[in-house]
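Below is one structure, written out as structure tokens; the observations come after it.
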Amino acid sequence: MTRVSAAILLCPFWAFAAALSGQVTAPGNQGVANARVWVEAGLGAALLETRTDATGSFSFDSLPAGLLGVFAYADGYAFNGASVNAGPADDIKDVRITMLAPGTVGGRVVDTRGKPVAGARITRVLLQGDATVGVPCAKLAQFGFEEPASDAEGRFTVPLLPTGAKVALKVGHPSYAQQSVGDLTVGETAARVQLYEGVLLRGSVRSRNGGAAVSNATIVISTAREPITTTLAKSDISGNFMVRLNPGAYLYQSASMELRSPGWEKLTVSGQEPTQEVVLRVAGTGTIRGDVRDAVTSSPIAGARVALSAFGSRAAIVTTGASGTFEFTAVEGENTVEVKPAAGYVKPERPYVTLSVKQGETAVLPTYWLRPLPAYRVVVVDADQKPVPGVIVRLIRPMQYRWYVTDDAGSVSLNVASVPASGKIVGMAEHPQRREGALFSLDAGTAKDAKVQLLALGAVSGTVVTAKDKPIEGAIVGGLFQSDADDEPLPLWRTTTGADGRFVWNNAVPLVPAACLANAGNDLFGRSIPFNIAPAATQDVGRIVIREPDDAKDKRVVKSKGLAGKKLEWYTGKTVSGTLPSPDELRVGRAAVVVYTAPGEAAMVIDALSSAHRTLRNSDLLCVAVVDGVYSGAAPDNVLVMQGKSPGPATTYVLDSTGRVAVETLGMPPASAFVPAG
């Protein structure tokens, strides 16, 4: 750890603030004039508002650093927006918000006895599209929007949401603990929100020196485990606050620009007593600022995570923006700043800096210099040790949703964003025209070339059954690399079982110690015997038994359908981008790769499918991304984007020329699977 004193510049203010600009558009990319645009710079912050000009453009200046929620509304449209990370000196441009048709989510709020709860407020809506953003209904009330609330029958309706989008609701009531409900689709009318009385948490906010009551302090209470939800409270004139919480583990702190607690404090709400009491100690604050740069080019590094701790407690984590700068509001006294490994860079040798912060002053840290990770080169050869061009290489640790392709010399350079904890980079090489492949491992500590020899792929099969020997349909089966005991499991492939419980994987890499792991949902697993396939060989692992525990009636096998050999009607939903084949083509069948994805991962999936299509150069192969929710981003001409939900446990289906499922898997399919699909 490095202690910094004289090397830190103390100054009364920082000359930089973030700026943000962009455009609000209709689905056809026309600018929407006079749209209302807001920025929310934190859950406890007030909203900032502006309006778009005649071209739909908008801008904000002098914004605080951190994660900013940017959202818009215009007559005839729904709310929509994006979350943007801003450094203290960033000038963020080209934020695009696409306005969509409005819809509603409706439902009913009930108590633990199923009786309606009147007056429950929907305080916030999380829009879970290709860009996620929260819409603070409670704060919008001062801008002329009515905060949705339940009526005497407990019924509620939330309007002005993008039709077909996935959303989550935060519901509050003074007599109940706050409740969040997610995975709702706009258009639903029967959402059910159950509220619990919870435990009444009584607290007080006191100054660290003297114990004086602190009024109007914002208290942030966050769940300690996923899914993360946040509850806010304010202290009254006596420094006291009250809030209801469901039993569980929490982290809490008081945070403001003037006074704050040193960091996140742990809180366990047991539920054994109807009330609990806490005291938060706060102190004056100063500011810590710094920047992170590339040690080779001196360019600023965006996306570096920087953590602040004070008096042994974690206080905050921020991410650098395009300027590479970061900023913390820190409690006076001793603080520690840590720079985490940034994507594409080696972990810094001295990531910690400890400093003393004075109230009202700004400390500017020396620049953090990070060294880029080296490029790793792989040469793929055949049995005669001759280089093989056009081989598809993909990384499975760290997992990447992209393909690399070897050049005429059989060589390819691999770039990773982070080094696995084991220090080993693991990948797979596959020939796109022949059933050949190989697994390889690289030592991340060196940048030496690795030679990979292709071998004939094998096949693995088996049957997943219950303890009563009944077949389990729709179980997910994965091939796991049997490596050292200290290594985490490494999945090589995944597929699903059919109605008879059978699975077959025809693209198994040979000479790799492996075992099959079957998952039937509800944390119910079964494991096969270990095996090691010879080149071009087949291996039946027999029965994989999944047992339902007698002492946990809620842990039962989840019933789902496998689709191998069946027609997949992926085309029944809304077309988002591209041209759907004619009804005659769809009736006969069309070779295709269909990947179902959440909106937040849609852009990555679309890019990967587009790259795969270009690599394979198969114009007859249709690449389709089906988004479970709203997607308003860009899409290339060689990928068709639809809206819909996966019909089974798999996310990816390779269809043959009759439109029937040839391969079911999760993530990108093996390269060799694209050939039979044509």
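Note on naming: chains are A, B, ... as they come in the structure tokens, residues start from 1 per chain, ligands start from 1 in the order shown.
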
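With only C-alpha atoms taken into account, the protein and nucleic acid residues at most 8 Å from stretch 636-645 of chain A (excluding it and anything under 2 positions from it in its own chain) are Trp570, Tyr571, Thr572, Gly573, Lys574, Thr575, Val576, Ser577, Gly578, Thr579, Leu580, Tyr596, Ile606, Leu609, Ser610, His613, Leu622, Cys623, Val624, Ala625, Val626, Val627, Asp628, Gly629, Val630, Ala634 and Pro647 of chain A.
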
With only C-alpha atoms as the counted atoms, please give the residues lying no more than 6 Å from A:Ile425, apart from itself and same-chain residues fewer than 6 positions off, as a list of chain:residue names.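 The residues satisfying every condition are A:Arg397, A:Ser441, A:Leu442.
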
Could you tell me how far atom CA of A:Val541 lies from atom CA of A:Ala456, in Å and to one decimal? 19.5 Å

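Closest to A:Gln482 among A:Gly203, A:Glu349, A:Met399, A:Leu517 is A:Leu517, based on only C-alpha atoms.
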
Stretch 418-420 of chain A environment, 9 Å, only C-alpha atoms, sequence neighbours closer than 4 positions dropped, as a ChimeraX atom specification: /A:341-347,373,397-398,424-425,444

Could you find all residues in stretch 460-635 of chain A that DSSP calls alpha helix (DSSP H) from the backbone, and write them as a PDB file with C-alpha atoms, in the first residue's frame?
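Wrote out36.pdb, looks like this:
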ATOM      1  CA  PRO A 583     -44.637 -17.304 -45.960  1.00  0.00           C
ATOM      2  CA  ASP A 584     -43.856 -19.962 -48.588  1.00  0.00           C
ATOM      3  CA  GLU A 585     -40.180 -20.037 -47.572  1.00  0.00           C
ATOM      4  CA  LEU A 586     -41.074 -20.274 -43.908  1.00  0.00           C
ATOM      5  CA  ARG A 587     -43.584 -23.062 -44.538  1.00  0.00           C
ATOM      6  CA  VAL A 588     -41.017 -25.143 -46.434  1.00  0.00           C
ATOM      7  CA  PRO A 599     -32.464  -6.762 -24.472  1.00  0.00           C
ATOM      8  CA  GLY A 600     -29.311  -5.866 -22.545  1.00  0.00           C
ATOM      9  CA  GLU A 601     -27.265  -8.453 -24.471  1.00  0.00           C
ATOM     10  CA  ALA A 602     -28.966  -7.995 -27.839  1.00  0.00           C
ATOM     11  CA  ALA A 603     -26.321  -5.698 -29.355  1.00  0.00           C
ATOM     12  CA  MET A 604     -23.549  -8.166 -28.456  1.00  0.00           C
ATOM     13  CA  VAL A 605     -25.499 -11.124 -29.899  1.00  0.00           C
ATOM     14  CA  ILE A 606     -26.345  -9.248 -33.105  1.00  0.00           C
ATOM     15  CA  ASP A 607     -22.707  -8.272 -33.602  1.00  0.00           C
ATOM     16  CA  ALA A 608     -21.561 -11.877 -33.028  1.00  0.00           C
ATOM     17  CA  LEU A 609     -24.113 -13.267 -35.511  1.00  0.00           C
ATOM     18  CA  SER A 610     -23.142 -10.686 -38.105  1.00  0.00           C
ATOM     19  CA  SER A 611     -19.463 -11.581 -37.710  1.00  0.00           C
ATOM     20  CA  ALA A 612     -20.269 -15.311 -37.952  1.00  0.00           C
ATOM     21  CA  HIS A 613     -22.290 -14.777 -41.127  1.00  0.00           C
ATOM     22  CA  ARG A 614     -19.453 -12.840 -42.764  1.00  0.00           C
ATOM     23  CA  THR A 615     -16.919 -15.459 -41.711  1.00  0.00           C
ATOM     24  CA  LEU A 616     -18.882 -18.431 -43.038  1.00  0.00           C
TER      25      LEU A 616
END

Check the smallest atom-to-atom distance from each of A:Asn80, A:Thr320, A:Ser235, A:Asn507 to A:Leu67 using only C-alpha atoms, then report the winner. A:Thr320

Any idea what's packed within 8 Å of stretch 356-360 of chain A, counting only C-alpha atoms, ignoring anything in its chain fewer than 4 positions away? Could you give it as a PDB file with C-alpha atoms, in the first residue's frame?
ATOM      1  CA  SER A   5       0.780  13.143   1.556  1.00  0.00           C
ATOM      2  CA  PRO A  12     -10.548  24.447  -3.112  1.00  0.00           C
ATOM      3  CA  GLY A 284     -17.763  16.540   7.045  1.00  0.00           C
ATOM      4  CA  THR A 285     -16.579  15.731   3.536  1.00  0.00           C
ATOM      5  CA  GLY A 286     -13.923  16.618   1.051  1.00  0.00           C
ATOM      6  CA  THR A 287     -13.340  15.526  -2.543  1.00  0.00           C
ATOM      7  CA  ILE A 288     -10.880  13.058  -4.053  1.00  0.00           C
ATOM      8  CA  ALA A 330     -15.115  11.306   0.870  1.00  0.00           C
ATOM      9  CA  VAL A 331     -15.520  11.616   4.621  1.00  0.00           C
ATOM     10  CA  GLU A 332     -12.863  13.676   6.380  1.00  0.00           C
ATOM     11  CA  GLY A 333     -10.013  11.607   7.790  1.00  0.00           C
ATOM     12  CA  GLU A 334      -8.130   8.629   6.416  1.00  0.00           C
ATOM     13  CA  ASN A 335      -9.379   7.176   3.106  1.00  0.00           C
TER      14      ASN A 335
END

What does the structure give for the distance between atom CA of A:Glu436 and atom CA of A:Val416, in Å to one decimal? 24.6 Å

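The environment of A:Gly648 within 8 Å, counting only C-alpha atoms and disregarding residues fewer than 4 places along the same chain, consists of Gly474, Ser560, Lys561, Gly562 and Leu563 of chain A.
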
Can you pull out the residues contacting A:Gly134? Cut-off 9 Å, using only C-alpha atoms, and skip same-chain residues under 6 positions away; I want them as a ChimeraX atom specification. /A:40,69-71,81-83,124-128
